[in-house]
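Raw upload33.pdb, PDB, C-alpha atoms, pLDDT in the B column:
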ATOM      1  CA  MET A   1       9.553  -1.488 -38.665  1.00 50.00           C
ATOM      2  CA  PRO A   2       7.120  -4.156 -39.930  1.00 42.00           C
ATOM      3  CA  SER A   3       4.377  -5.870 -37.952  1.00 42.00           C
ATOM      4  CA  ARG A   4       5.552  -8.949 -36.064  1.00 53.00           C
ATOM      5  CA  THR A   5       4.059 -12.291 -35.093  1.00 78.00           C
ATOM      6  CA  ALA A   6       4.684 -11.382 -31.433  1.00 93.00           C
ATOM      7  CA  SER A   7       2.037  -9.171 -29.869  1.00 95.00           C
ATOM      8  CA  LEU A   8       0.853  -7.427 -26.718  1.00 97.00           C
ATOM      9  CA  PRO A   9      -2.614  -7.834 -25.185  1.00 96.00           C
ATOM     10  CA  PRO A  10      -5.333  -5.586 -26.650  1.00 96.00           C
ATOM     11  CA  GLY A  11      -5.465  -2.116 -25.131  1.00 96.00           C
ATOM     12  CA  VAL A  12      -1.808  -2.128 -24.078  1.00 97.00           C
ATOM     13  CA  ARG A  13       0.869   0.091 -25.614  1.00 98.00           C
ATOM     14  CA  ALA A  14       4.453  -0.179 -24.358  1.00 98.00           C
ATOM     15  CA  TYR A  15       7.061   2.548 -24.808  1.00 98.00           C
ATOM     16  CA  VAL A  16      10.395   0.804 -24.288  1.00 98.00           C
ATOM     17  CA  ILE A  17      13.465   2.976 -23.700  1.00 98.00           C
ATOM     18  CA  GLY A  18      17.043   1.771 -24.111  1.00 98.00           C
ATOM     19  CA  ASP A  19      20.183   2.485 -22.103  1.00 98.00           C
ATOM     20  CA  VAL A  20      20.276   6.143 -20.976  1.00 98.00           C
ATOM     21  CA  HIS A  21      23.733   6.234 -19.324  1.00 97.00           C
ATOM     22  CA  GLY A  22      23.555   9.694 -17.781  1.00 97.00           C
ATOM     23  CA  ARG A  23      21.973  11.503 -20.730  1.00 98.00           C
ATOM     24  CA  ALA A  24      19.218  13.312 -18.849  1.00 98.00           C
ATOM     25  CA  ASP A  25      18.722  15.669 -21.781  1.00 98.00           C
ATOM     26  CA  LEU A  26      17.814  12.809 -24.113  1.00 98.00           C
ATOM     27  CA  LEU A  27      15.602  11.150 -21.509  1.00 98.00           C
ATOM     28  CA  ALA A  28      13.673  14.389 -20.931  1.00 98.00           C
ATOM     29  CA  GLU A  29      13.107  14.724 -24.679  1.00 97.00           C
ATOM     30  CA  CYS A  30      12.019  11.087 -24.918  1.00 98.00           C
ATOM     31  CA  ARG A  31       9.603  11.498 -22.011  1.00 98.00           C
ATOM     32  CA  ALA A  32       8.032  14.521 -23.709  1.00 97.00           C
ATOM     33  CA  ARG A  33       7.556  12.524 -26.914  1.00 97.00           C
ATOM     34  CA  VAL A  34       5.972   9.623 -25.038  1.00 98.00           C
ATOM     35  CA  LEU A  35       3.515  11.903 -23.277  1.00 97.00           C
ATOM     36  CA  ALA A  36       2.676  13.717 -26.512  1.00 97.00           C
ATOM     37  CA  ASP A  37       2.046  10.402 -28.250  1.00 97.00           C
ATOM     38  CA  VAL A  38      -0.225   9.182 -25.441  1.00 97.00           C
ATOM     39  CA  ALA A  39      -2.164  12.452 -25.578  1.00 97.00           C
ATOM     40  CA  ALA A  40      -2.516  12.302 -29.351  1.00 97.00           C
ATOM     41  CA  ARG A  41      -3.494   8.613 -29.472  1.00 96.00           C
ATOM     42  CA  PRO A  42      -5.118   7.610 -26.172  1.00 96.00           C
ATOM     43  CA  ILE A  43      -5.148   3.938 -25.228  1.00 96.00           C
ATOM     44  CA  ALA A  44      -6.479   2.070 -22.205  1.00 96.00           C
ATOM     45  CA  GLN A  45      -3.126   0.956 -20.793  1.00 97.00           C
ATOM     46  CA  PRO A  46      -0.073   2.976 -21.848  1.00 98.00           C
ATOM     47  CA  LEU A  47       3.124   1.776 -20.191  1.00 98.00           C
ATOM     48  CA  THR A  48       6.744   2.928 -20.186  1.00 98.00           C
ATOM     49  CA  ILE A  49       9.428   0.271 -19.740  1.00 98.00           C
ATOM     50  CA  THR A  50      13.041   1.308 -19.209  1.00 98.00           C
ATOM     51  CA  LEU A  51      15.689  -1.380 -19.696  1.00 98.00           C
ATOM     52  CA  GLY A  52      18.303  -0.251 -17.164  1.00 97.00           C
ATOM     53  CA  ASP A  53      21.741   1.380 -17.282  1.00 98.00           C
ATOM     54  CA  TYR A  54      20.449   4.789 -16.294  1.00 98.00           C
ATOM     55  CA  ILE A  55      23.752   5.872 -14.751  1.00 98.00           C
ATOM     56  CA  ASP A  56      27.498   6.082 -15.522  1.00 97.00           C
ATOM     57  CA  ARG A  57      29.450   7.284 -18.571  1.00 95.00           C
ATOM     58  CA  GLY A  58      27.184  10.232 -19.421  1.00 95.00           C
ATOM     59  CA  PRO A  59      27.286  13.558 -17.556  1.00 94.00           C
ATOM     60  CA  ASP A  60      24.071  13.671 -15.507  1.00 97.00           C
ATOM     61  CA  SER A  61      23.213  10.391 -13.817  1.00 98.00           C
ATOM     62  CA  SER A  62      21.618  12.054 -10.791  1.00 98.00           C
ATOM     63  CA  ARG A  63      19.218  13.987 -13.008  1.00 98.00           C
ATOM     64  CA  VAL A  64      18.320  10.806 -14.896  1.00 98.00           C
ATOM     65  CA  ILE A  65      17.330   9.097 -11.654  1.00 98.00           C
ATOM     66  CA  GLU A  66      15.350  12.185 -10.627  1.00 98.00           C
ATOM     67  CA  LEU A  67      13.406  12.113 -13.906  1.00 98.00           C
ATOM     68  CA  LEU A  68      12.688   8.413 -13.597  1.00 98.00           C
ATOM     69  CA  SER A  69      11.654   8.601  -9.949  1.00 96.00           C
ATOM     70  CA  GLN A  70       9.072  11.258 -10.856  1.00 95.00           C
ATOM     71  CA  TRP A  71       7.736   9.685 -14.057  1.00 97.00           C
ATOM     72  CA  PRO A  72       4.238  10.947 -15.026  1.00 96.00           C
ATOM     73  CA  ASP A  73       1.199   8.754 -14.445  1.00 96.00           C
ATOM     74  CA  GLN A  74      -0.009   9.235 -18.035  1.00 96.00           C
ATOM     75  CA  ALA A  75       2.379   6.432 -19.064  1.00 97.00           C
ATOM     76  CA  PRO A  76       3.272   4.601 -15.831  1.00 97.00           C
ATOM     77  CA  LEU A  77       6.893   3.510 -15.516  1.00 98.00           C
ATOM     78  CA  LEU A  78       8.151  -0.022 -15.080  1.00 98.00           C
ATOM     79  CA  ALA A  79      11.884   0.412 -14.474  1.00 98.00           C
ATOM     80  CA  LEU A  80      14.205  -2.553 -14.896  1.00 98.00           C
ATOM     81  CA  ARG A  81      17.689  -2.819 -13.433  1.00 98.00           C
ATOM     82  CA  GLY A  82      20.885  -2.750 -15.450  1.00 98.00           C
ATOM     83  CA  ASN A  83      24.301  -4.004 -14.426  1.00 98.00           C
ATOM     84  CA  HIS A  84      25.388  -0.416 -13.704  1.00 98.00           C
ATOM     85  CA  GLU A  85      22.593   0.105 -11.166  1.00 98.00           C
ATOM     86  CA  GLU A  86      23.582  -3.232  -9.633  1.00 98.00           C
ATOM     87  CA  MET A  87      27.150  -1.959  -9.202  1.00 97.00           C
ATOM     88  CA  LEU A  88      25.960   1.249  -7.548  1.00 97.00           C
ATOM     89  CA  LEU A  89      23.733  -0.652  -5.119  1.00 98.00           C
ATOM     90  CA  ASN A  90      26.587  -3.033  -4.313  1.00 97.00           C
ATOM     91  CA  PHE A  91      28.828  -0.047  -3.580  1.00 96.00           C
ATOM     92  CA  LEU A  92      26.303   1.377  -1.126  1.00 96.00           C
ATOM     93  CA  HIS A  93      26.756  -1.811   0.920  1.00 95.00           C
ATOM     94  CA  ASP A  94      30.425  -2.570   0.209  1.00 96.00           C
ATOM     95  CA  PRO A  95      32.880   0.246  -0.638  1.00 95.00           C
ATOM     96  CA  GLY A  96      35.418  -2.297  -1.867  1.00 94.00           C
ATOM     97  CA  THR A  97      33.355  -2.842  -5.004  1.00 96.00           C
ATOM     98  CA  LEU A  98      34.255   0.659  -6.228  1.00 95.00           C
ATOM     99  CA  ASP A  99      37.571  -0.573  -7.604  1.00 92.00           C
ATOM    100  CA  ALA A 100      35.701  -2.550 -10.278  1.00 93.00           C
ATOM    101  CA  TRP A 101      32.850  -0.064 -10.725  1.00 95.00           C
ATOM    102  CA  ARG A 102      35.110   2.948 -11.321  1.00 91.00           C
ATOM    103  CA  ARG A 103      36.446   1.282 -14.477  1.00 89.00           C
ATOM    104  CA  LEU A 104      32.908   1.240 -15.893  1.00 93.00           C
ATOM    105  CA  GLY A 105      31.684   4.778 -15.240  1.00 91.00           C
ATOM    106  CA  ALA A 106      31.393   5.262 -11.475  1.00 94.00           C
ATOM    107  CA  VAL A 107      33.416   8.462 -11.596  1.00 95.00           C
ATOM    108  CA  GLU A 108      30.800  10.216 -13.737  1.00 96.00           C
ATOM    109  CA  THR A 109      27.996   9.102 -11.438  1.00 97.00           C
ATOM    110  CA  LEU A 110      29.797  10.122  -8.242  1.00 96.00           C
ATOM    111  CA  HIS A 111      30.596  13.495  -9.791  1.00 96.00           C
ATOM    112  CA  SER A 112      26.935  14.023 -10.706  1.00 97.00           C
ATOM    113  CA  TYR A 113      26.064  13.684  -7.003  1.00 97.00           C
ATOM    114  CA  GLY A 114      28.831  16.056  -5.940  1.00 96.00           C
ATOM    115  CA  VAL A 115      31.134  13.437  -4.416  1.00 95.00           C
ATOM    116  CA  PRO A 116      34.793  14.613  -4.264  1.00 93.00           C
ATOM    117  CA  LEU A 117      36.870  12.474  -6.609  1.00 92.00           C
ATOM    118  CA  GLY A 118      40.520  13.203  -5.840  1.00 90.00           C
ATOM    119  CA  ALA A 119      41.162  10.130  -3.703  1.00 88.00           C
ATOM    120  CA  VAL A 120      38.940   7.912  -5.851  1.00 88.00           C
ATOM    121  CA  MET A 121      40.942   8.800  -8.952  1.00 88.00           C
ATOM    122  CA  ARG A 122      44.044   7.555  -7.110  1.00 87.00           C
ATOM    123  CA  GLY A 123      42.301   4.323  -6.136  1.00 86.00           C
ATOM    124  CA  GLU A 124      41.881   5.412  -2.523  1.00 87.00           C
ATOM    125  CA  GLY A 125      39.214   6.662  -0.119  1.00 89.00           C
ATOM    126  CA  PHE A 126      36.490   4.242  -1.206  1.00 95.00           C
ATOM    127  CA  ASP A 127      34.743   4.187   2.174  1.00 94.00           C
ATOM    128  CA  GLU A 128      34.783   7.980   2.357  1.00 95.00           C
ATOM    129  CA  ALA A 129      33.299   8.138  -1.169  1.00 94.00           C
ATOM    130  CA  ARG A 130      30.539   5.769  -0.064  1.00 96.00           C
ATOM    131  CA  GLN A 131      29.743   7.930   2.946  1.00 95.00           C
ATOM    132  CA  GLN A 132      29.720  11.045   0.759  1.00 96.00           C
ATOM    133  CA  LEU A 133      27.367   9.413  -1.752  1.00 96.00           C
ATOM    134  CA  LEU A 134      24.996   8.257   0.976  1.00 96.00           C
ATOM    135  CA  ALA A 135      24.943  11.791   2.391  1.00 96.00           C
ATOM    136  CA  ARG A 136      24.322  13.467  -0.977  1.00 97.00           C
ATOM    137  CA  MET A 137      22.062  11.007  -2.765  1.00 97.00           C
ATOM    138  CA  PRO A 138      18.347  11.677  -2.158  1.00 97.00           C
ATOM    139  CA  ALA A 139      16.610   8.857  -0.309  1.00 96.00           C
ATOM    140  CA  ALA A 140      14.038   8.694  -3.107  1.00 96.00           C
ATOM    141  CA  HIS A 141      16.815   7.831  -5.565  1.00 97.00           C
ATOM    142  CA  VAL A 142      17.974   4.915  -3.420  1.00 97.00           C
ATOM    143  CA  VAL A 143      14.402   3.657  -3.064  1.00 97.00           C
ATOM    144  CA  PHE A 144      13.868   3.914  -6.824  1.00 97.00           C
ATOM    145  CA  LEU A 145      17.010   1.902  -7.561  1.00 98.00           C
ATOM    146  CA  GLU A 146      16.225  -0.736  -4.945  1.00 97.00           C
ATOM    147  CA  GLN A 147      12.757  -1.239  -6.442  1.00 97.00           C
ATOM    148  CA  THR A 148      13.968  -1.905  -9.992  1.00 98.00           C
ATOM    149  CA  GLY A 149      13.248  -5.421 -11.223  1.00 96.00           C
ATOM    150  CA  ALA A 150      15.344  -7.795 -13.294  1.00 97.00           C
ATOM    151  CA  SER A 151      12.732  -8.630 -15.937  1.00 98.00           C
ATOM    152  CA  VAL A 152       9.085  -8.498 -16.938  1.00 98.00           C
ATOM    153  CA  ALA A 153       7.006 -10.609 -19.334  1.00 97.00           C
ATOM    154  CA  LEU A 154       4.158  -9.028 -21.256  1.00 97.00           C
ATOM    155  CA  GLY A 155       2.237 -10.734 -24.020  1.00 96.00           C
ATOM    156  CA  ASP A 156       4.698 -12.423 -26.364  1.00 97.00           C
ATOM    157  CA  TYR A 157       7.588 -10.241 -25.187  1.00 98.00           C
ATOM    158  CA  PHE A 158      10.148 -10.583 -22.395  1.00 98.00           C
ATOM    159  CA  PHE A 159      11.963  -7.433 -21.265  1.00 98.00           C
ATOM    160  CA  CYS A 160      15.318  -7.394 -19.481  1.00 98.00           C
ATOM    161  CA  HIS A 161      18.576  -5.469 -19.531  1.00 98.00           C
ATOM    162  CA  ALA A 162      21.172  -7.781 -21.067  1.00 98.00           C
ATOM    163  CA  GLY A 163      19.448 -10.916 -22.311  1.00 98.00           C
ATOM    164  CA  VAL A 164      18.732 -14.506 -21.329  1.00 98.00           C
ATOM    165  CA  ARG A 165      20.651 -17.768 -21.225  1.00 98.00           C
ATOM    166  CA  PRO A 166      19.623 -20.064 -24.096  1.00 97.00           C
ATOM    167  CA  GLY A 167      18.111 -23.353 -22.988  1.00 96.00           C
ATOM    168  CA  VAL A 168      16.905 -21.969 -19.649  1.00 97.00           C
ATOM    169  CA  ALA A 169      13.203 -21.243 -19.159  1.00 97.00           C
ATOM    170  CA  LEU A 170      12.416 -17.534 -18.867  1.00 97.00           C
ATOM    171  CA  LYS A 171      11.033 -17.984 -15.358  1.00 96.00           C
ATOM    172  CA  ALA A 172      14.270 -19.711 -14.308  1.00 97.00           C
ATOM    173  CA  GLN A 173      16.747 -17.126 -15.612  1.00 98.00           C
ATOM    174  CA  SER A 174      19.399 -16.013 -13.119  1.00 97.00           C
ATOM    175  CA  PRO A 175      19.585 -12.313 -12.169  1.00 97.00           C
ATOM    176  CA  THR A 176      23.263 -12.337 -13.150  1.00 97.00           C
ATOM    177  CA  ASP A 177      22.481 -13.411 -16.718  1.00 98.00           C
ATOM    178  CA  LEU A 178      19.592 -10.952 -17.025  1.00 98.00           C
ATOM    179  CA  LEU A 179      21.975  -8.106 -16.134  1.00 98.00           C
ATOM    180  CA  TRP A 180      25.302  -9.220 -17.636  1.00 98.00           C
ATOM    181  CA  ILE A 181      25.059 -11.895 -20.363  1.00 98.00           C
ATOM    182  CA  ARG A 182      26.407 -11.116 -23.824  1.00 97.00           C
ATOM    183  CA  ASN A 183      27.746 -13.520 -26.444  1.00 97.00           C
ATOM    184  CA  GLU A 184      25.915 -16.700 -25.442  1.00 97.00           C
ATOM    185  CA  PHE A 185      22.665 -14.773 -25.853  1.00 98.00           C
ATOM    186  CA  LEU A 186      23.582 -12.493 -28.747  1.00 98.00           C
ATOM    187  CA  ASP A 187      24.906 -15.344 -30.884  1.00 97.00           C
ATOM    188  CA  SER A 188      21.950 -17.651 -30.228  1.00 97.00           C
ATOM    189  CA  LEU A 189      19.340 -18.405 -32.870  1.00 96.00           C
ATOM    190  CA  ALA A 190      17.178 -20.248 -30.349  1.00 95.00           C
ATOM    191  CA  ASP A 191      13.518 -19.600 -29.659  1.00 95.00           C
ATOM    192  CA  PHE A 192      13.621 -18.178 -26.127  1.00 96.00           C
ATOM    193  CA  GLY A 193       9.892 -18.651 -25.579  1.00 95.00           C
ATOM    194  CA  ALA A 194       9.216 -14.943 -26.210  1.00 97.00           C
ATOM    195  CA  VAL A 195      10.814 -12.119 -28.152  1.00 97.00           C
ATOM    196  CA  VAL A 196      13.450 -10.686 -25.793  1.00 98.00           C
ATOM    197  CA  VAL A 197      13.683  -6.884 -25.800  1.00 98.00           C
ATOM    198  CA  HIS A 198      17.001  -5.790 -24.323  1.00 98.00           C
ATOM    199  CA  GLY A 199      19.880  -3.322 -24.263  1.00 98.00           C
ATOM    200  CA  HIS A 200      23.358  -3.668 -22.675  1.00 97.00           C
ATOM    201  CA  THR A 201      25.317  -4.117 -25.916  1.00 97.00           C
ATOM    202  CA  PRO A 202      25.477  -0.925 -28.026  1.00 97.00           C
ATOM    203  CA  VAL A 203      24.519  -1.145 -31.699  1.00 97.00           C
ATOM    204  CA  ALA A 204      24.528   1.511 -34.408  1.00 95.00           C
ATOM    205  CA  GLU A 205      20.841   0.926 -35.191  1.00 96.00           C
ATOM    206  CA  PRO A 206      18.132  -1.007 -33.357  1.00 97.00           C
ATOM    207  CA  ASP A 207      18.810  -4.677 -34.053  1.00 96.00           C
ATOM    208  CA  VAL A 208      15.523  -6.456 -34.809  1.00 96.00           C
ATOM    209  CA  ARG A 209      15.752 -10.232 -35.059  1.00 95.00           C
ATOM    210  CA  ARG A 210      13.305 -13.112 -34.972  1.00 94.00           C
ATOM    211  CA  ASN A 211      14.052 -13.916 -31.331  1.00 96.00           C
ATOM    212  CA  ARG A 212      15.218 -10.589 -29.869  1.00 97.00           C
ATOM    213  CA  ILE A 213      15.300  -6.793 -30.286  1.00 97.00           C
ATOM    214  CA  ASN A 214      18.279  -4.735 -29.088  1.00 98.00           C
ATOM    215  CA  ILE A 215      17.544  -1.017 -28.564  1.00 98.00           C
ATOM    216  CA  ASP A 216      20.800   0.140 -26.917  1.00 98.00           C
ATOM    217  CA  THR A 217      22.027   2.718 -29.416  1.00 98.00           C
ATOM    218  CA  GLY A 218      24.841   4.047 -27.203  1.00 97.00           C
ATOM    219  CA  ALA A 219      23.088   7.252 -26.149  1.00 97.00           C
ATOM    220  CA  TYR A 220      25.958   8.569 -24.024  1.00 95.00           C
ATOM    221  CA  ALA A 221      28.315   8.495 -27.021  1.00 95.00           C
ATOM    222  CA  THR A 222      25.984   8.898 -30.013  1.00 96.00           C
ATOM    223  CA  GLY A 223      23.302  11.250 -28.700  1.00 96.00           C
ATOM    224  CA  ARG A 224      20.670   8.734 -29.890  1.00 97.00           C
ATOM    225  CA  LEU A 225      18.317   7.308 -27.274  1.00 98.00           C
ATOM    226  CA  THR A 226      15.938   4.760 -28.784  1.00 98.00           C
ATOM    227  CA  CYS A 227      12.291   4.317 -27.797  1.00 98.00           C
ATOM    228  CA  LEU A 228      10.563   1.250 -29.222  1.00 98.00           C
ATOM    229  CA  VAL A 229       6.763   1.293 -29.280  1.00 98.00           C
ATOM    230  CA  LEU A 230       4.847  -1.991 -29.149  1.00 97.00           C
ATOM    231  CA  GLU A 231       1.090  -2.311 -29.629  1.00 97.00           C
ATOM    232  CA  THR A 232      -0.852  -5.443 -30.615  1.00 95.00           C
ATOM    233  CA  ASP A 233       1.371  -7.060 -33.305  1.00 94.00           C
ATOM    234  CA  LYS A 234       2.955  -3.785 -34.412  1.00 95.00           C
ATOM    235  CA  ALA A 235       6.332  -2.297 -33.520  1.00 95.00           C
ATOM    236  CA  TRP A 236       7.822   1.056 -34.461  1.00 96.00           C
ATOM    237  CA  LEU A 237      10.294   3.655 -33.243  1.00 96.00           C
ATOM    238  CA  LEU A 238       9.056   6.830 -31.618  1.00 89.00           C
TER
END
Before anything else, please render the file you have as structure tokens.
Amino acid sequence: MPSRTASLPPGVRAYVIGDVHGRADLLAECRARVLADVAARPIAQPLTITLGDYIDRGPDSSRVIELLSQWPDQAPLLALRGNHEEMLLNFLHDPGTLDAWRRLGAVETLHSYGVPLGAVMRGEGFDEARQQLLARMPAAHVVFLEQTGASVALGDYFFCHAGVRPGVALKAQSPTDLLWIRNEFLDSLADFGAVVVHGHTPVAEPDVRRNRINIDTGAYATGRLTCLVLETDKAWLL
């Protein structure tokens, strides 16, 4: 991956990880590679940024959240929220939202926490499933998810889960767009005011464009979890 005109401040190296979707095995391997890279090439401010969608679809969402909530200090974690984490948090407050969430991977997440699924599979027992999840989900996992942010700006880059709405200043973006937007963002050739690094929409290979970089390589289906490394004006894949 060639050097870019966008850059990070001197002394900062960002390890940016795409959508994990329940693949704890791939996340553990990625974490080991990040830590090995930091040890081999020390820098003043190493930082790990995860772009959301930690849960659903893959087999081990609970383990993914455990790994993230105990991320090592050698490369401190800045965890952003994806639309799937938003759906889980909504469900913890309103069991009626499970009807929509279960079409997008809730069953795998509930199973990873040991929640019985018989009634849920029939479209029933949503309140009971909520109570079961609250009883089985470690409090630290809930705290971790509640503390995830929608976006972060660093140097000439802007990090979020899904993308941004063209024509709207980065500081004025709505949380809904940051977590859910697709075509209006993906099809835009506009200068967003920073290079947007995002996931949300799976691609076969990291998609590097003038105005954005997509690193969601469909880990739950492909077995490929992408980690983009940014340092000064350079960018490469770990």
Can I get the residues of range 135-223 of chain A within 9 Å of range 19-36 of chain A, each with the closest pair of atoms and their distance in Å to one decimal, using all atoms listed in the file, sorted chain first then ascending number, as JSON lines?
{"residue": "A:His161", "atom": "CA", "partner": "A:Asp19", "partner_atom": "CA", "distance": 8.5}
{"residue": "A:Gly199", "atom": "CA", "partner": "A:Asp19", "partner_atom": "CA", "distance": 6.2}
{"residue": "A:His200", "atom": "CA", "partner": "A:Asp19", "partner_atom": "CA", "distance": 6.9}
{"residue": "A:Pro202", "atom": "CA", "partner": "A:Asp19", "partner_atom": "CA", "distance": 8.6}
{"residue": "A:Ile215", "atom": "CA", "partner": "A:Asp19", "partner_atom": "CA", "distance": 7.8}
{"residue": "A:Asp216", "atom": "CA", "partner": "A:Asp19", "partner_atom": "CA", "distance": 5.4}
{"residue": "A:Thr217", "atom": "CA", "partner": "A:Asp19", "partner_atom": "CA", "distance": 7.5}
{"residue": "A:Gly218", "atom": "CA", "partner": "A:Asp19", "partner_atom": "CA", "distance": 7.1}
{"residue": "A:Ala219", "atom": "CA", "partner": "A:Val20", "partner_atom": "CA", "distance": 6.0}
{"residue": "A:Tyr220", "atom": "CA", "partner": "A:His21", "partner_atom": "CA", "distance": 5.7}
{"residue": "A:Gly223", "atom": "CA", "partner": "A:Leu26", "partner_atom": "CA", "distance": 7.3}
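With distances restricted to only C-alpha atoms, A:Gly163 is the closest residue to Asn211 in chain A from A:Gly163, A:Gly105, A:Gly123, A:Pro175.
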> For Arg130 in chain A, which residue among A:Gly18, A:Gly96, A:Pro42, A:Gly155 is the nearest when counting all atoms listed in the file?
Replying inline: A:Gly96
Output as lines of an AutoDock Vina configuration file the centre and edge lengths (Å, one decimal) of the box along x, y and z of the file that holds every listed atom of range 95-108 of chain A after adding 6 Å on each side.
center_x = 34.2
center_y = 3.7
center_z = -8.3
size_x = 18.8
size_y = 25.1
size_z = 27.3
> What does the PyMOL selection byres ((chain A and resi 235) around 12) select in this file, as number ranges by chain?
Replying inline: A: 1-8, 13-16, 157, 197, 206, 208, 213, 227-234, 236-238
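For the pair CA of Phe192 in chain A and CA of Arg224 in chain A, the interatomic distance is 28.1 Å.
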>> To test your reading of the syntax: which residues would the PyMOL selection byres ((chain A and resi 145) around 12) return for the file shown? Reply as an MDAnalysis selection string.
In response: chainID A and resid 52:55 62 64:66 68:69 78:90 92 137:144 146:150
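Taking CA of Arg209 in chain A and CA of Leu186 in chain A as endpoints, the distance between them is 10.3 Å.
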> To one decimal place, how far is CA of Arg41 in chain A from CA of Ile17 in chain A in Å?
Replying inline: 18.8 Å
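With distances restricted to only C-alpha atoms, A:Leu51 is the closest residue to Phe159 in chain A from A:Ala100, A:Leu51, A:Val107, A:Met121.
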For range 51-153 of chain A against range 166-171 of chain A, with a cut-off of 12 Å and counting all atoms listed in the file, what is the closest atom pair and its distance in Å to one decimal for every residue that makes the cut, ordered by chain and number, as CSV?
residue,atom,partner,partner_atom,distance
A:Ala150,CA,A:Lys171,CA,11.3
A:Ser151,CA,A:Leu170,CA,9.4
A:Val152,CA,A:Lys171,CA,9.8
A:Ala153,CA,A:Leu170,CA,8.8
>> Suppose a student applies the PyMOL selection byres ((chain A and resi 194) around 7) to this structure; what residues should they get, written as a PyMOL selection string?
In response: chain A and resi 156-158+192-193+195-196
